[in-house]
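Asks: First, the structure itself, so that you have it in front of you.
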Amino acid sequence: MDLLPTEEQNQIVDASVGFLEKELPVERMLQSGEQPLIDRTMLGKIAELGWFGIGLSEDLGGVGYGLREETLLCVEMGRYLVSPAVLGSILGTRLAAVAGDEELAASIMAGEKLVAVAIPRYSQTPVVDNTVTGEYYVFEGDDADLVLIVDDNASALVEKSAISIFKALPCTDDKMQFAAASCENVSTVAALKKSDEDIYLRGVLLTAAMQLGIAEATRDRCVEYAKVREQYGKPIGAFQAIKHYCAEMAVKCEASLSQIYVAAIELEDPAKAQGDNAVFDTLCAKTLASDAAMDNANTAVQVHGGMGFTQEMDIHLFVKRAHVLDQLFGTQRKQLQQLSKLAGPAL
Amino acid sequence: MNLDFTPEQEQFREKVRSWLLDNMPKEERVEGTDQAREYDLAWQKKLYEGGWAGINWPKEYGGQGFDTFQQLIFLMEYAKVNAPGDHYRFNGLNLAGPTIIACGSEEQKKQYLPPILKGEVIWCQGFSEPSAGSDLANLKCKAEIDGDELVVNGSKIWTSWARFADLQQLLVRTGAADSRHKGITWVINTMDNPGMEIRPIKDMSGGDDLHEVFYDNVRIPLKNVVGGIDNGWRVSMAQLAFERGTAFMPYAVRSSTLMEELIDVAKNTPLEDGRFAINDDHIAHELMKLRAETRALLAMTLMGVSRNERTGMPGPEGSILKLYSSEIHKKVLKLAMEILGPERFHNPDLGGDHWAWPRKFLYSFADTLGGGTSEIQRNIIGERVLGLPK
Ligand SMILES: Cc1cc2nc3c(=O)[nH]c(=O)nc-3n(C[C@H](O)[C@H](O)[C@H](O)COP(=O)(O)OP(=O)(O)OC[C@H]3O[C@@H](n4cnc5c(N)ncnc54)[C@H](O)[C@@H]3O)c2cc1C
């Protein structure tokens, strides 16, 4: 038993941090202008790193790592405010590959096709094998080729061109592309039943990982700021009110981190993936990570004082992203409802 | 990143489990009575005879010398079968014993260690004083050297189980009044020593396990000093080296069990509108939120053990677990009060002992005080984990 990442896993993390720091530093988000969260050039670069197929086995055409590595990568993606479409493409590759559409999987993995993420809008008809009907919100759809639609029982990829985007909406998360869309008997290009592969649950876990990235990033920013910002002749971190905020942020990170790692291990093991503990632990993971991300980002504004309230600092970006991520793959409210239907886990 | 235990570890788990199920006492333990003392000693004796005493003590001192994973598995199975808590045995096994192993003389080790493992003595801890709680280094209980004895005058407070104890690990001021950490001595005192007065304190949950202890010219042989005069601060920290990150496993398991019990209570407790509590949205939401938080305790414990294995020593992250664990425990029991509502006052059918939940609720206030308050844990996390200035 060892919950911590192996040396090889740490190398994957270090390499991805190196890339993100160089290519997608958070400062990019502070520049004005219309540049999207992800463009075709960046898509190509990310594809070259193999991120879209990192957790897919080699016999399915992937890089050959697993969900644990995907999870570690998503934590860093959260930390650098990477577009949720990258998560969409990671899940999309898997969906296509497991559904047997090698060509589609290969094109997503190669970055030729980008996958936006949809969430249900209201009174949803269930996703069935071959068609999708219903109203959705789509994140990061403008530049996407495909849209990932997931519900409790099935998951599907549809061509973006086949759905009607009826309204592009401004998003609180400034650079996030956001739209209301509807599907009327739209044919799926690939679909899976939950019993084939639970894409929803993987989405829940990987979103939790991205939320953890936000929780950690905001904790770290607060700690750094509290060491250097002085008032009343001392660093504000010497004041217990601030110190204790930071401590609580650290507690939330540790709880989410531990729970996410446990869930990733359980969910990756196919023998356990459909088992109750894996489901239970994954739902717990996102419940905790949602709170950690939103609460830590929220606290971070307070710790940074007036500067935290401005667009000159990056703190507000984390607040906004934390709320978007809470919506992906079911809000905390939904996870809690699902949790309430499960028996107590084995200890 | 794995949760795998080796086949040997799984066999060990089985062995622990079946031994515990076969040997656990079946009778009730009546807290705060002599029966509880006898119960605890008898159970310790049984553990000793079964080869399970002192799981984290080195073999050369009669312990089991289990590696970290064996300790983890033992504690996990122990908690799962709901074997008796450490209770009065706590100080001897976890504090006084390890301290003597780390800092005691050969003679002290020979004299004091075996009786702890064999279930012959109960130890208590006389550290806190009226003016030295969180700020322990402010302690004033004075000890002067007179020939080959220390003469102790002053008082201690919050001494758990003092009236049931045989021996006491006592911190006294041997240096100047303002010497703080530098003038403290760790000494072994016997509880029947003349000049001592022990007064129980009634706590808010109805128990009286806490005590004030007064010392009026109490004479303690100098040979009972452990680790040298004025060296007590360092000595009192020595037991920390025995911790492998496993200390919270029992709490993690017990909190999970308690949580599931509370969910069952919610399924069976009617609200004023006739629905069962579990069907109320607010209660269901709060229950599930806490269920998730409680679940993380187990994962955090495994994380703590993993970290400890990598670094070879317990880190200040232990404070995160202490803080999280005690705050959650309080939240769970507060919610229990809300769920039980007026039922808690009169319905003896709920969970057998209808006072069990309110009593646990009232006792949970001790969790965020004892062993370093939540505020002190936050200070430690801020300063030692995150590196914030004092
Ligand atoms: C059930 C129980 C069993 C105990 N058993 C024993 C025992 O066997 N032996 C023994 O020696 N002691 C024992 N204690 C004592 C325990 O260690 C102290 O209660 C604890 O250290 C707090 O000290 P205090 O009660 O004097 O509170 P105080 O230190 O006076 O604290 C009062 C409040 O001030 C806060 N505070 C104090 N200092 C700071 C600071 N620097 N920053 C922020 N906030 C601060 C505290 O967090 C608390 O909220 C026990 C306590 C309890 C509750």
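How things are named: the first chain in the structure tokens is A, the next is B, and so on; residues count from 1 in each chain; ligands count from 1 in the order shown.
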Using DSSP on the backbone coordinates, identify the residues of stretch 22-216 of chain B assigned to strand (DSSP E or B); present them as a ChimeraX atom specification.
Replies: /B:123-126,129,132,142-146,149-157,167-173,184-190,196-201,210-216
Asks: Which protein, DNA or RNA residues have an atom within 9 Å of ligand 1, counting only C-alpha atoms and all ligand atoms, as a VMD selection string?
Replies: (chain A and resid 240) or (chain B and resid 91 124 to 136 156 to 162 170 to 171 203 209 to 211 363 365 to 379)
Asks: Of the residues B:Arg17, B:Trp43, B:Leu287, B:Glu293, which is the one nearest to A:Ala292, using only C-alpha atoms?
Replies: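 Of all the options, B:Glu293 lies closest to A:Ala292.
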Asks: Using only C-alpha atoms, determine which residues lie at most 6 Å from A:Ala181, disregarding the query and same-chain residues fewer than 5 positions distant; provide the list as a ChimeraX atom specification.
Replies: /A:135-137,164-166
Asks: Compile the contact shell of A:Asp152 as a list of chain:residue names: residues with an atom at most 9 Å away, counting only C-alpha atoms, same-chain residues fewer than 5 positions apart removed.
Replies: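 My reading of the contact set: A:Pro126, A:Val127, A:Lys194, A:Asp198, A:Tyr200, A:Leu201.
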Asks: Each residue of chain B with at least one atom at most 7 Å from chain A should appear once, together with its nearest atom pair and the corresponding distance in Å (one decimal); atoms considered: only C-alpha atoms; ordering: chain, then increasing residue number; output as a Markdown table.
Replies:
| residue | atom | partner | partner_atom | distance |
| --- | --- | --- | --- | --- |
| B:Met1 | CA | A:Leu3 | CA | 4.5 |
| B:Asn2 | CA | A:Asp2 | CA | 5.3 |
| B:Leu3 | CA | A:Met1 | CA | 4.5 |
| B:Asp4 | CA | A:Met1 | CA | 4.9 |
| B:Phe5 | CA | A:Met1 | CA | 5.6 |
| B:Glu260 | CA | A:Gly344 | CA | 6.3 |
| B:His285 | CA | A:Leu336 | CA | 6.6 |
| B:Met288 | CA | A:Leu336 | CA | 5.6 |
| B:Lys289 | CA | A:Leu336 | CA | 6.7 |
| B:Ala292 | CA | A:Cys284 | CA | 4.6 |
| B:Glu293 | CA | A:Leu288 | CA | 6.8 |
| B:Ala296 | CA | A:Gln259 | CA | 5.3 |
| B:Ala299 | CA | A:Ser258 | CA | 5.1 |
| B:Met300 | CA | A:Ser258 | CA | 5.2 |
| B:Leu302 | CA | A:Leu3 | CA | 6.8 |
| B:Met303 | CA | A:Leu3 | CA | 5.7 |
| B:Ser306 | CA | A:Asp2 | CA | 5.1 |
| B:Ile320 | CA | A:Val251 | CA | 5.7 |
| B:Tyr324 | CA | A:Val251 | CA | 7.0 |
| B:Arg378 | CA | A:Ala247 | CA | 5.4 |
| B:Asn379 | CA | A:His244 | CA | 6.8 |
| B:Ile381 | CA | A:Ala247 | CA | 5.5 |
| B:Gly382 | CA | A:Ala247 | CA | 5.2 |
| B:Leu386 | CA | A:Val223 | CA | 6.9 |
| B:Leu388 | CA | A:Gly237 | CA | 5.6 |
| B:Pro389 | CA | A:Ala238 | CA | 5.1 |
| B:Lys390 | CA | A:Ala238 | CA | 5.2 |
Asks: Which residue out of B:Ile122, B:Leu47, B:Ile339, B:Ile328 has the minimum interatomic distance to B:Asn279 when only C-alpha atoms are used?
Replies: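 Among B:Ile122, B:Leu47, B:Ile339, B:Ile328, it is B:Ile339 that comes nearest to B:Asn279.
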Asks: Find the spatial neighbours of stretch 106-111 of chain A, counting only C-alpha atoms, within a cut-off of 10 Å - ignore same-chain residues fewer than 6 positions away - and output them as an MDAnalysis selection string.
Replies: chainID A and resid 40:54 60:63 86 88:94 96:97 145:146
Asks: Quick one, how far is atom CA of A:Lys175 from atom CA of A:Ser83?
Replies: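 According to the coordinates, atom CA of A:Lys175 and atom CA of A:Ser83 are separated by 9.4 Å.
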Asks: Contacts of B:Ile220 at 8 Å or less, counting only C-alpha atoms, minus same-chain residues fewer than 6 places along, as a ChimeraX atom specification?
Replies: /B:149-152,188-189
Asks: Please measure the separation of atom CA of B:Lys330 and atom CA of B:Leu271, giving the value in Å to one decimal.
Replies: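 Distance between the two atoms: 22.5 Å.
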Asks: So the first atom is atom CA of A:Ala179 and the second is atom CA of A:Glu312; what is the distance between them in Å, to one decimal place?
Replies: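 Between these atoms lies a distance of 27.1 Å.
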Asks: Given the choices A:Leu205, A:Ala154, A:Cys222, A:Leu30, which gets closest to A:Met313 if the distance is worked out from only C-alpha atoms?
Replies: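 The shortest atom-to-atom distance to A:Met313 comes from A:Leu30.
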Asks: When DSSP is applied to the backbone of this structure, which of stretch 22-250 of chain A are assigned alpha helix (DSSP H)? Write them out as a VMD selection string.
Replies: chain A and resid 22 to 23 40 to 49 67 to 79 84 to 98 102 to 109 199 to 228 240 to 250
